[in-house]
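Structure data (PDB, C-alpha atoms) from final-v3.pdb:
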MODEL        1
ATOM      1  CA  MET A   1     -13.996 -22.683 -27.048
ATOM      2  CA  SER A   2     -11.922 -22.296 -30.207
ATOM      3  CA  GLU A   3      -8.212 -21.580 -30.092
ATOM      4  CA  PRO A   4      -7.621 -17.804 -30.219
ATOM      5  CA  THR A   5      -6.194 -16.460 -33.453
ATOM      6  CA  ARG A   6      -3.285 -14.049 -33.115
ATOM      7  CA  ASN A   7      -3.980 -10.964 -35.183
ATOM      8  CA  PRO A   8      -1.195  -8.779 -36.529
ATOM      9  CA  VAL A   9      -0.541  -6.033 -33.987
ATOM     10  CA  GLN A  10      -2.143  -2.773 -35.034
ATOM     11  CA  LEU A  11      -2.587   0.591 -33.402
ATOM     12  CA  THR A  12      -4.652   0.247 -30.218
ATOM     13  CA  ASP A  13      -5.695   2.578 -27.429
ATOM     14  CA  VAL A  14      -3.386   1.082 -24.828
ATOM     15  CA  SER A  15      -0.776  -1.635 -24.435
ATOM     16  CA  MET A  16      -0.702  -3.721 -21.257
ATOM     17  CA  LEU A  17       2.635  -5.188 -20.196
ATOM     18  CA  GLY A  18       2.187  -7.902 -17.568
ATOM     19  CA  LEU A  19      -0.753 -10.274 -17.372
ATOM     20  CA  GLY A  20      -0.713 -11.497 -13.818
ATOM     21  CA  ALA A  21      -3.969 -11.427 -11.872
ATOM     22  CA  MET A  22      -4.040  -7.626 -11.688
ATOM     23  CA  GLY A  23      -2.779  -6.924 -15.201
ATOM     24  CA  SER A  24      -5.339  -9.320 -16.666
ATOM     25  CA  ALA A  25      -8.130  -7.685 -14.649
ATOM     26  CA  LEU A  26      -7.097  -4.214 -15.836
ATOM     27  CA  ALA A  27      -6.949  -5.332 -19.463
ATOM     28  CA  ALA A  28     -10.295  -7.165 -19.241
ATOM     29  CA  ALA A  29     -12.030  -4.093 -17.788
ATOM     30  CA  LEU A  30     -10.720  -1.936 -20.623
ATOM     31  CA  LEU A  31     -11.937  -4.431 -23.207
ATOM     32  CA  ASP A  32     -15.355  -4.540 -21.547
ATOM     33  CA  ALA A  33     -15.470  -0.751 -21.760
ATOM     34  CA  GLY A  34     -14.806  -0.796 -25.490
ATOM     35  CA  ARG A  35     -11.114   0.144 -25.462
ATOM     36  CA  SER A  36      -8.744  -1.580 -27.865
ATOM     37  CA  VAL A  37      -5.867  -3.237 -26.029
ATOM     38  CA  THR A  38      -2.577  -4.851 -27.001
ATOM     39  CA  VAL A  39      -1.272  -7.307 -24.420
ATOM     40  CA  TRP A  40       2.130  -8.825 -23.686
ATOM     41  CA  ASN A  41       3.417 -11.113 -20.976
ATOM     42  CA  ARG A  42       6.866 -12.542 -20.387
ATOM     43  CA  THR A  43       5.412 -16.046 -19.950
ATOM     44  CA  PRO A  44       3.654 -17.098 -23.187
ATOM     45  CA  GLY A  45       0.053 -18.254 -23.070
ATOM     46  CA  ARG A  46      -1.409 -15.828 -20.575
ATOM     47  CA  ALA A  47      -2.816 -13.621 -23.313
ATOM     48  CA  ALA A  48      -5.032 -16.367 -24.781
ATOM     49  CA  GLU A  49      -8.208 -15.644 -22.843
ATOM     50  CA  LEU A  50      -7.918 -11.896 -23.341
ATOM     51  CA  MET A  51      -7.393 -12.439 -27.086
ATOM     52  CA  THR A  52     -10.664 -14.347 -27.316
ATOM     53  CA  ARG A  53     -12.267 -11.193 -25.889
ATOM     54  CA  GLY A  54     -10.715  -8.942 -28.517
ATOM     55  CA  ALA A  55      -7.250  -8.108 -27.213
ATOM     56  CA  ARG A  56      -4.369  -8.122 -29.648
ATOM     57  CA  GLY A  57      -1.376 -10.186 -28.615
ATOM     58  CA  ALA A  58       2.185  -8.979 -29.050
ATOM     59  CA  ASP A  59       5.121 -11.358 -29.431
ATOM     60  CA  SER A  60       7.619  -8.894 -27.967
ATOM     61  CA  VAL A  61       7.808  -5.876 -25.707
ATOM     62  CA  ARG A  62       8.855  -3.757 -28.664
ATOM     63  CA  GLU A  63       5.805  -4.846 -30.616
ATOM     64  CA  ALA A  64       3.545  -4.034 -27.689
ATOM     65  CA  VAL A  65       5.109  -0.643 -26.989
ATOM     66  CA  THR A  66       4.883   0.499 -30.591
ATOM     67  CA  ALA A  67       1.233  -0.552 -30.880
ATOM     68  CA  SER A  68      -0.229   2.175 -28.663
ATOM     69  CA  PRO A  69       0.310   5.746 -27.507
ATOM     70  CA  VAL A  70      -0.240   4.648 -23.889
ATOM     71  CA  VAL A  71       1.810   1.850 -22.337
ATOM     72  CA  ILE A  72       0.723   0.380 -18.997
ATOM     73  CA  ALA A  73       3.286  -1.538 -16.936
ATOM     74  CA  CYS A  74       1.819  -3.949 -14.389
ATOM     75  CA  LEU A  75       4.853  -6.035 -13.531
ATOM     76  CA  LEU A  76       6.402  -7.646 -10.468
ATOM     77  CA  LYS A  77       8.597  -4.878  -9.070
ATOM     78  CA  TYR A  78      10.764  -1.865  -9.939
ATOM     79  CA  ASP A  79      13.581  -3.940 -11.450
ATOM     80  CA  SER A  80      11.052  -5.701 -13.688
ATOM     81  CA  VAL A  81       9.963  -2.376 -15.160
ATOM     82  CA  ARG A  82      13.532  -1.277 -15.886
ATOM     83  CA  ASP A  83      14.543  -4.680 -17.258
ATOM     84  CA  THR A  84      11.464  -4.896 -19.477
ATOM     85  CA  LEU A  85      11.489  -1.355 -20.847
ATOM     86  CA  GLY A  86      15.226  -0.667 -20.876
ATOM     87  CA  PRO A  87      15.901  -2.352 -24.239
ATOM     88  CA  VAL A  88      12.995  -0.487 -25.902
ATOM     89  CA  ALA A  89      13.365   2.897 -24.190
ATOM     90  CA  ASP A  90      13.810   4.699 -27.518
ATOM     91  CA  GLU A  91      10.506   3.263 -28.732
ATOM     92  CA  LEU A  92       8.760   4.863 -25.742
ATOM     93  CA  ARG A  93       9.647   8.346 -26.935
ATOM     94  CA  GLY A  94       6.562  10.512 -27.319
ATOM     95  CA  ARG A  95       4.336   8.004 -25.537
ATOM     96  CA  THR A  96       2.766   7.967 -22.076
ATOM     97  CA  LEU A  97       3.912   5.350 -19.580
ATOM     98  CA  LEU A  98       1.467   4.505 -16.811
ATOM     99  CA  ASN A  99       3.251   2.420 -14.198
ATOM    100  CA  VAL A 100       0.941   0.553 -11.836
ATOM    101  CA  THR A 101       3.667  -1.801 -10.622
ATOM    102  CA  THR A 102       4.100  -1.560  -6.847
ATOM    103  CA  THR A 103       7.176   0.596  -6.249
ATOM    104  CA  THR A 104       8.498   2.708  -3.398
ATOM    105  CA  PRO A 105       8.144   6.499  -3.682
ATOM    106  CA  ASN A 106      11.795   6.929  -4.655
ATOM    107  CA  GLU A 107      11.578   4.112  -7.199
ATOM    108  CA  SER A 108       8.601   5.869  -8.784
ATOM    109  CA  ARG A 109      10.592   9.096  -8.916
ATOM    110  CA  GLN A 110      13.528   7.264 -10.479
ATOM    111  CA  LEU A 111      11.261   5.832 -13.164
ATOM    112  CA  ALA A 112       9.868   9.299 -13.857
ATOM    113  CA  ALA A 113      13.378  10.746 -14.177
ATOM    114  CA  TRP A 114      14.587   7.848 -16.335
ATOM    115  CA  THR A 115      11.657   8.004 -18.761
ATOM    116  CA  ALA A 116      11.949  11.796 -18.993
ATOM    117  CA  GLU A 117      15.393  11.275 -20.548
ATOM    118  CA  PHE A 118      13.625   9.557 -23.453
ATOM    119  CA  GLY A 119      10.845  12.112 -23.850
ATOM    120  CA  VAL A 120       8.242   9.927 -22.165
ATOM    121  CA  THR A 121       5.267  11.298 -20.216
ATOM    122  CA  TYR A 122       5.124   9.454 -16.896
ATOM    123  CA  LEU A 123       2.160   8.744 -14.640
ATOM    124  CA  ASP A 124       2.398   6.529 -11.568
ATOM    125  CA  GLY A 125      -0.570   4.555 -10.247
ATOM    126  CA  ALA A 126      -1.062   2.848  -6.877
ATOM    127  CA  ILE A 127      -3.912   0.351  -6.867
ATOM    128  CA  MET A 128      -5.963   0.196  -3.668
ATOM    129  CA  ALA A 129      -7.992  -2.815  -4.767
ATOM    130  CA  VAL A 130      -7.773  -6.553  -5.405
ATOM    131  CA  PRO A 131      -8.223  -7.850  -8.979
ATOM    132  CA  ALA A 132     -11.869  -8.840  -8.417
ATOM    133  CA  MET A 133     -12.724  -5.207  -7.586
ATOM    134  CA  ILE A 134     -11.417  -3.789 -10.878
ATOM    135  CA  GLY A 135     -14.227  -2.519 -13.091
ATOM    136  CA  THR A 136     -16.888  -2.965 -10.410
ATOM    137  CA  GLY A 137     -16.998   0.599  -9.120
ATOM    138  CA  GLU A 138     -15.269  -0.473  -5.909
ATOM    139  CA  GLY A 139     -11.706   0.250  -4.905
ATOM    140  CA  GLN A 140      -9.540   3.243  -5.621
ATOM    141  CA  ILE A 141      -6.422   3.976  -7.639
ATOM    142  CA  LEU A 142      -4.129   6.823  -6.613
ATOM    143  CA  TYR A 143      -2.104   8.664  -9.243
ATOM    144  CA  SER A 144       0.812  11.098  -9.304
ATOM    145  CA  GLY A 145       3.155  12.429 -11.943
ATOM    146  CA  SER A 146       2.019  14.179 -15.119
ATOM    147  CA  ARG A 147      -1.201  16.101 -14.519
ATOM    148  CA  THR A 148      -1.710  16.391 -18.261
ATOM    149  CA  ALA A 149      -1.543  12.611 -18.648
ATOM    150  CA  TYR A 150      -3.928  12.115 -15.749
ATOM    151  CA  ASP A 151      -6.502  14.548 -17.139
ATOM    152  CA  THR A 152      -6.243  13.064 -20.624
ATOM    153  CA  LEU A 153      -6.536   9.464 -19.451
ATOM    154  CA  LEU A 154      -9.163  10.028 -16.755
ATOM    155  CA  PRO A 155     -12.083   8.554 -18.760
ATOM    156  CA  THR A 156     -10.004   5.403 -19.188
ATOM    157  CA  LEU A 157      -8.698   5.359 -15.614
ATOM    158  CA  ASP A 158     -12.214   5.630 -14.221
ATOM    159  CA  VAL A 159     -13.098   2.372 -15.978
ATOM    160  CA  TRP A 160     -11.016   0.557 -13.365
ATOM    161  CA  ALA A 161     -11.883   2.279 -10.075
ATOM    162  CA  THR A 162     -12.285   5.670  -8.434
ATOM    163  CA  SER A 163      -9.337   7.814  -9.486
ATOM    164  CA  GLU A 164      -7.566  10.306  -7.240
ATOM    165  CA  PHE A 165      -4.667  12.567  -8.249
ATOM    166  CA  HIS A 166      -2.008  13.311  -5.622
ATOM    167  CA  GLY A 167       0.274  15.779  -7.377
ATOM    168  CA  GLU A 168       3.067  15.990  -9.891
ATOM    169  CA  ASP A 169       5.676  14.462  -7.587
ATOM    170  CA  ALA A 170       5.651  10.950  -9.060
ATOM    171  CA  GLY A 171       6.308   9.328  -5.672
ATOM    172  CA  ARG A 172       3.268  10.679  -3.833
ATOM    173  CA  ALA A 173       0.739   8.051  -4.924
ATOM    174  CA  SER A 174       3.073   5.239  -3.918
ATOM    175  CA  LEU A 175       3.743   6.879  -0.556
ATOM    176  CA  VAL A 176       0.042   7.165   0.331
ATOM    177  CA  ASP A 177      -0.594   3.627  -0.912
ATOM    178  CA  LEU A 178       2.212   2.036   1.117
ATOM    179  CA  ALA A 179       1.341   4.074   4.224
ATOM    180  CA  MET A 180      -2.240   2.768   4.051
ATOM    181  CA  LEU A 181      -1.021  -0.781   3.486
ATOM    182  CA  SER A 182       1.257  -0.419   6.503
ATOM    183  CA  GLY A 183      -1.772   0.139   8.717
ATOM    184  CA  MET A 184      -3.599  -2.782   7.128
ATOM    185  CA  TYR A 185      -0.778  -5.290   7.487
ATOM    186  CA  GLN A 186      -0.057  -4.264  11.072
ATOM    187  CA  MET A 187      -3.736  -4.771  11.858
ATOM    188  CA  PHE A 188      -3.584  -8.224  10.258
ATOM    189  CA  ALA A 189      -0.411  -9.041  12.197
ATOM    190  CA  GLY A 190      -2.064  -7.901  15.437
ATOM    191  CA  PHE A 191      -5.040 -10.159  14.788
ATOM    192  CA  ILE A 192      -2.834 -13.157  14.000
ATOM    193  CA  HIS A 193      -0.746 -12.478  17.111
ATOM    194  CA  GLY A 194      -3.908 -12.415  19.220
ATOM    195  CA  ALA A 195      -5.136 -15.633  17.615
ATOM    196  CA  ALA A 196      -1.834 -17.283  18.510
ATOM    197  CA  MET A 197      -2.189 -16.101  22.120
ATOM    198  CA  VAL A 198      -5.613 -17.682  22.624
ATOM    199  CA  ALA A 199      -4.892 -20.878  20.704
ATOM    200  CA  PRO A 200      -3.445 -22.727  23.759
ATOM    201  CA  MET A 201      -6.772 -22.293  25.567
ATOM    202  CA  GLY A 202      -8.556 -24.024  22.693
ATOM    203  CA  MET A 203     -10.054 -21.003  20.931
ATOM    204  CA  SER A 204      -9.908 -21.328  17.157
ATOM    205  CA  ALA A 205      -8.748 -18.471  14.964
ATOM    206  CA  SER A 206     -12.283 -18.351  13.507
ATOM    207  CA  ASP A 207     -13.833 -17.921  16.949
ATOM    208  CA  PHE A 208     -11.295 -15.240  17.772
ATOM    209  CA  ALA A 209     -11.993 -13.435  14.473
ATOM    210  CA  ALA A 210     -15.708 -13.346  15.269
ATOM    211  CA  ARG A 211     -14.855 -11.426  18.440
ATOM    212  CA  GLN A 212     -11.998  -9.333  17.078
ATOM    213  CA  ALA A 213     -13.634  -7.981  13.904
ATOM    214  CA  PRO A 214     -16.461  -5.961  15.541
ATOM    215  CA  PHE A 215     -14.076  -4.726  18.230
ATOM    216  CA  LEU A 216     -11.553  -3.455  15.659
ATOM    217  CA  SER A 217     -14.348  -1.890  13.634
ATOM    218  CA  ALA A 218     -15.520   0.027  16.696
ATOM    219  CA  MET A 219     -11.980   1.150  17.499
ATOM    220  CA  THR A 220     -11.512   2.737  14.060
ATOM    221  CA  HIS A 221     -13.846   5.514  15.179
ATOM    222  CA  GLY A 222     -10.952   6.740  17.313
ATOM    223  CA  LEU A 223      -8.696   7.414  14.321
ATOM    224  CA  ALA A 224     -10.132  10.873  13.698
ATOM    225  CA  GLY A 225      -9.427  11.858  17.303
ATOM    226  CA  PHE A 226      -5.824  10.687  17.105
ATOM    227  CA  ALA A 227      -5.434  12.558  13.814
ATOM    228  CA  GLU A 228      -6.769  15.776  15.347
ATOM    229  CA  VAL A 229      -4.253  15.545  18.203
ATOM    230  CA  VAL A 230      -1.342  14.757  15.863
ATOM    231  CA  ASP A 231      -2.231  17.592  13.487
ATOM    232  CA  GLY A 232      -2.595  19.970  16.429
ATOM    233  CA  GLY A 233       0.751  18.926  17.883
ATOM    234  CA  ASP A 234      -0.490  19.180  21.485
ATOM    235  CA  TYR A 235      -0.435  15.813  23.253
ATOM    236  CA  THR A 236      -1.630  17.301  26.541
ATOM    237  CA  VAL A 237      -5.182  18.200  25.485
ATOM    238  CA  PRO A 238      -7.869  16.696  27.767
ATOM    239  CA  GLY A 239      -9.634  13.453  27.009
ATOM    240  CA  GLN A 240      -6.618  11.375  25.988
ATOM    241  CA  GLN A 241      -5.388   8.065  27.364
ATOM    242  CA  SER A 242      -1.925   8.736  28.736
ATOM    243  CA  LEU A 243       1.213   6.870  27.743
ATOM    244  CA  ASP A 244       1.667   5.758  31.369
ATOM    245  CA  PHE A 245      -1.792   4.214  31.298
ATOM    246  CA  SER A 246      -1.102   2.701  27.876
ATOM    247  CA  ASP A 247       1.905   0.677  29.067
ATOM    248  CA  LEU A 248       1.590  -2.663  27.255
ATOM    249  CA  SER A 249       4.248  -4.678  29.061
ATOM    250  CA  HIS A 250       1.518  -6.869  30.565
ATOM    251  CA  ILE A 251       0.451  -7.898  27.051
ATOM    252  CA  VAL A 252       4.082  -8.635  26.199
ATOM    253  CA  ARG A 253       4.383 -10.828  29.282
ATOM    254  CA  ALA A 254       1.063 -12.576  28.612
ATOM    255  CA  SER A 255       2.259 -13.406  25.109
ATOM    256  CA  GLU A 256       5.490 -14.838  26.481
ATOM    257  CA  GLU A 257       3.545 -16.856  29.062
ATOM    258  CA  GLN A 258       1.681 -18.446  26.140
ATOM    259  CA  ASP A 259       4.992 -19.197  24.398
ATOM    260  CA  VAL A 260       4.000 -16.781  21.632
ATOM    261  CA  ASP A 261       6.488 -14.344  20.133
ATOM    262  CA  PRO A 262       5.447 -10.873  21.394
ATOM    263  CA  ALA A 263       7.154  -9.065  18.490
ATOM    264  CA  PRO A 264       4.061  -7.214  17.139
ATOM    265  CA  ILE A 265       2.973  -5.768  20.485
ATOM    266  CA  ALA A 266       6.561  -5.349  21.705
ATOM    267  CA  ALA A 267       7.183  -2.994  18.792
ATOM    268  CA  VAL A 268       4.349  -0.746  19.992
ATOM    269  CA  GLN A 269       5.593  -0.954  23.573
ATOM    270  CA  ALA A 270       9.037   0.180  22.415
ATOM    271  CA  LEU A 271       7.490   3.346  20.946
ATOM    272  CA  ILE A 272       5.565   3.995  24.162
ATOM    273  CA  SER A 273       8.612   3.378  26.361
ATOM    274  CA  ARG A 274      10.746   5.792  24.363
ATOM    275  CA  GLN A 275       8.331   8.640  25.082
ATOM    276  CA  ILE A 276       7.825   7.692  28.733
ATOM    277  CA  ASP A 277      11.592   7.528  29.274
ATOM    278  CA  ALA A 278      11.838  11.013  27.739
ATOM    279  CA  GLY A 279       9.440  12.331  30.390
ATOM    280  CA  HIS A 280       6.177  12.372  28.448
ATOM    281  CA  GLY A 281       4.308   9.639  30.305
ATOM    282  CA  ARG A 282       1.350  11.841  31.246
ATOM    283  CA  GLU A 283       0.807  12.923  27.641
ATOM    284  CA  GLY A 284      -1.538  11.159  25.229
ATOM    285  CA  PHE A 285      -0.936   7.863  23.431
ATOM    286  CA  ALA A 286      -0.841   9.707  20.097
ATOM    287  CA  ARG A 287       2.596  10.988  21.109
ATOM    288  CA  ILE A 288       4.147   7.747  19.812
ATOM    289  CA  TYR A 289       3.913   9.621  16.493
ATOM    290  CA  GLU A 290       6.972  11.526  17.707
ATOM    291  CA  SER A 291       8.819   8.255  18.397
ATOM    292  CA  LEU A 292       8.161   7.194  14.812
ATOM    293  CA  ARG A 293       9.209  10.522  13.306
ATOM    294  CA  ALA A 294      12.414  10.571  15.334
ATOM    295  CA  ALA A 295      13.362   6.949  14.680
ATOM    296  CA  GLY A 296      16.543   7.085  12.628
ATOM    297  CA  PRO A 297      18.690   3.996  11.937
ATOM    298  CA  THR A 298      20.229   4.055  15.441
ATOM    299  CA  ALA A 299      16.877   4.269  17.201
ATOM    300  CA  ARG A 300      15.404   1.500  15.051
ATOM    301  CA  THR A 301      18.219  -0.924  15.866
ATOM    302  CA  THR A 302      18.545  -0.159  19.572
ATOM    303  CA  ALA A 303      14.927   0.324  20.684
ATOM    304  CA  ARG A 304      13.685  -2.388  23.018
ATOM    305  CA  PRO A 305      10.447  -2.633  25.035
ATOM    306  CA  THR A 306      10.931  -1.496  28.614
ATOM    307  CA  ALA A 307       9.548  -3.852  31.269
ATOM    308  CA  ARG A 308       7.643  -2.150  34.074
ATOM    309  CA  THR A 309       6.433  -3.450  37.378
ATOM    310  CA  ASN A 310       3.085  -1.653  37.225
ATOM    311  CA  THR A 311       0.964  -3.610  34.744
ATOM    312  CA  ARG A 312      -1.869  -1.081  34.762
ATOM    313  CA  PRO A 313      -1.037   2.441  35.957
ATOM    314  CA  THR A 314      -3.769   4.389  37.658
ATOM    315  CA  ALA A 315      -5.890   6.162  35.093
ATOM    316  CA  ARG A 316      -6.523   9.843  35.176
ATOM    317  CA  PRO A 317     -10.263  10.642  35.290
ATOM    318  CA  GLU A 318     -10.488  11.286  31.561
ATOM    319  CA  GLU A 319      -8.743   8.050  30.619
ATOM    320  CA  GLY A 320     -11.559   5.617  31.302
ATOM    321  CA  THR A 321     -10.793   1.952  31.864
ATOM    322  CA  ALA A 322      -9.614   0.650  28.504
ATOM    323  CA  ALA A 323      -5.913  -0.054  28.130
TER     324      ALA A 323
ENDMDL
END
Could I get this structure in the form of structure tokens?
Amino acid sequence: MSEPTRNPVQLTDVSMLGLGAMGSALAAALLDAGRSVTVWNRTPGRAAELMTRGARGADSVREAVTASPVVIACLLKYDSVRDTLGPVADELRGRTLLNVTTTTPNESRQLAAWTAEFGVTYLDGAIMAVPAMIGTGEGQILYSGSRTAYDTLLPTLDVWATSEFHGEDAGRASLVDLAMLSGMYQMFAGFIHGAAMVAPMGMSASDFAARQAPFLSAMTHGLAGFAEVVDGGDYTVPGQQSLDFSDLSHIVRASEEQDVDPAPIAAVQALISRQIDAGHGREGFARIYESLRAAGPTARTTARPTARTNTRPTARPEEGTAA
């Protein structure tokens, strides 16, 4: 393959700042879809492959920003966006900034407020996909911020993945994204904790995964029921597994007996115990939602799992046998 030739930067459809795995995938998908793209990366050399595919390389952030009406930031974190764009903020005036860097909701709002000072249209994107899924029709990207920018860019955004707009509050897409990732990572942590528990008996993590995956998949069917109870706000409706019955101290002890840190399951037990201690033991497991909503800094630092002598309370008729 011949060495790519750097062309003078000219007006392109979009400029991509950041060519890590995700930034490169986003840029490649746009090129494949016939968009013209200017690319820049802090570490030289990463643009070479994209340039052989038609991208135009920029030697500086300023050069990249001024090349296109739409600037896409796919950088490491919030500080990276500010540090990269701060020196060229005036050059952003009149352009659209699409930030797909992972940021917290408030960081996204701060970026929206900061860019507004320079007359920049801001759109925030939260990518619910891995790089290999970009441009394949799989995955989803959530957006919030300027509705006008979203509507205008939608044909381009849909090149990457399914697009979904969450409102003009710039922090909303990030909030939904991070909330979904919270569930995913806690599921992963629960699996790894379980694998550590069975390891002393000689079961490999692979063997455990073969058993755990179909079980977890089946359990996800219960999410809609929990959601209905939470949205209704009545944790006494029939058919729920009570908090008393859901006491998990036996799992905490079993983990300790295996010399495995019980931290993942102990965190859940702390939420359960808080509601039981407040007199809600006969209400449904979904009530731990109230523990989470009420957990200010003091509660988060003082909550501890409560040990109980009854490892499996007697189930009410509607509770079944699963703990």
Could you list, as a compact mmCIF listing (two decimals) with C-alpha atoms, keeping the file's coordinate frame, every residue matched by the PyMOL selection byres ((chain A and resi 78) around 10) in this structure?
# COMPACT_ATOMS: atom_id res chain seq x y z
CA LEU A 75 4.85 -6.04 -13.53
CA LEU A 76 6.40 -7.65 -10.47
CA LYS A 77 8.60 -4.88 -9.07
CA ASP A 79 13.58 -3.94 -11.45
CA SER A 80 11.05 -5.70 -13.69
CA VAL A 81 9.96 -2.38 -15.16
CA ARG A 82 13.53 -1.28 -15.89
CA ASP A 83 14.54 -4.68 -17.26
CA ASN A 99 3.25 2.42 -14.20
CA THR A 101 3.67 -1.80 -10.62
CA THR A 102 4.10 -1.56 -6.85
CA THR A 103 7.18 0.60 -6.25
CA THR A 104 8.50 2.71 -3.40
CA GLU A 107 11.58 4.11 -7.20
CA SER A 108 8.60 5.87 -8.78
CA GLN A 110 13.53 7.26 -10.48
CA LEU A 111 11.26 5.83 -13.16
Which residue gives the smallest distance to Met128 (chain A) among A:Val176, A:Val230, A:Ile251, A:Ala213, with only C-alpha atoms counted?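 Ranked by minimum distance to Met128 (chain A), first place goes to A:Val176.
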Considering only C-alpha atoms, state which residue in the set A:Val71, A:Ala227, A:Met219, A:Leu97 is at the smallest distance from Tyr289 (chain A).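 Among A:Val71, A:Ala227, A:Met219, A:Leu97, it is A:Ala227 that comes nearest to Tyr289 (chain A).
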Excluding region 150-158 of chain A and its own-chain neighbours fewer than 4 positions away, which residues fall within 9 Å of it when counting only C-alpha atoms? Please give them as a list of chain:residue names. A:Leu30, A:Ala33, A:Arg35, A:Leu123, A:Gly135, A:Gly137, A:Ile141, A:Tyr143, A:Ser144, A:Gly145, A:Ser146, A:Thr162, A:Ser163, A:Phe165
Within 10 Å of Ala195 (chain A) using only C-alpha atoms, minus same-chain residues under 3 positions, as an NGL selection string: :A and (189-192 or 198-200 or 203-209 or 212)
Looking at A:Leu271, A:Val229, A:Leu26, A:Val88, which one is nearest to Ala286 (chain A), with distances taken over only C-alpha atoms?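 Under the stated criterion, the closest residue is A:Val229.
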Picked residues, the PyMOL selection byres ((chain A and resi 266) around 12), expected as number ranges by chain: A: 190, 193, 247-256, 260-265, 267-273, 303-307
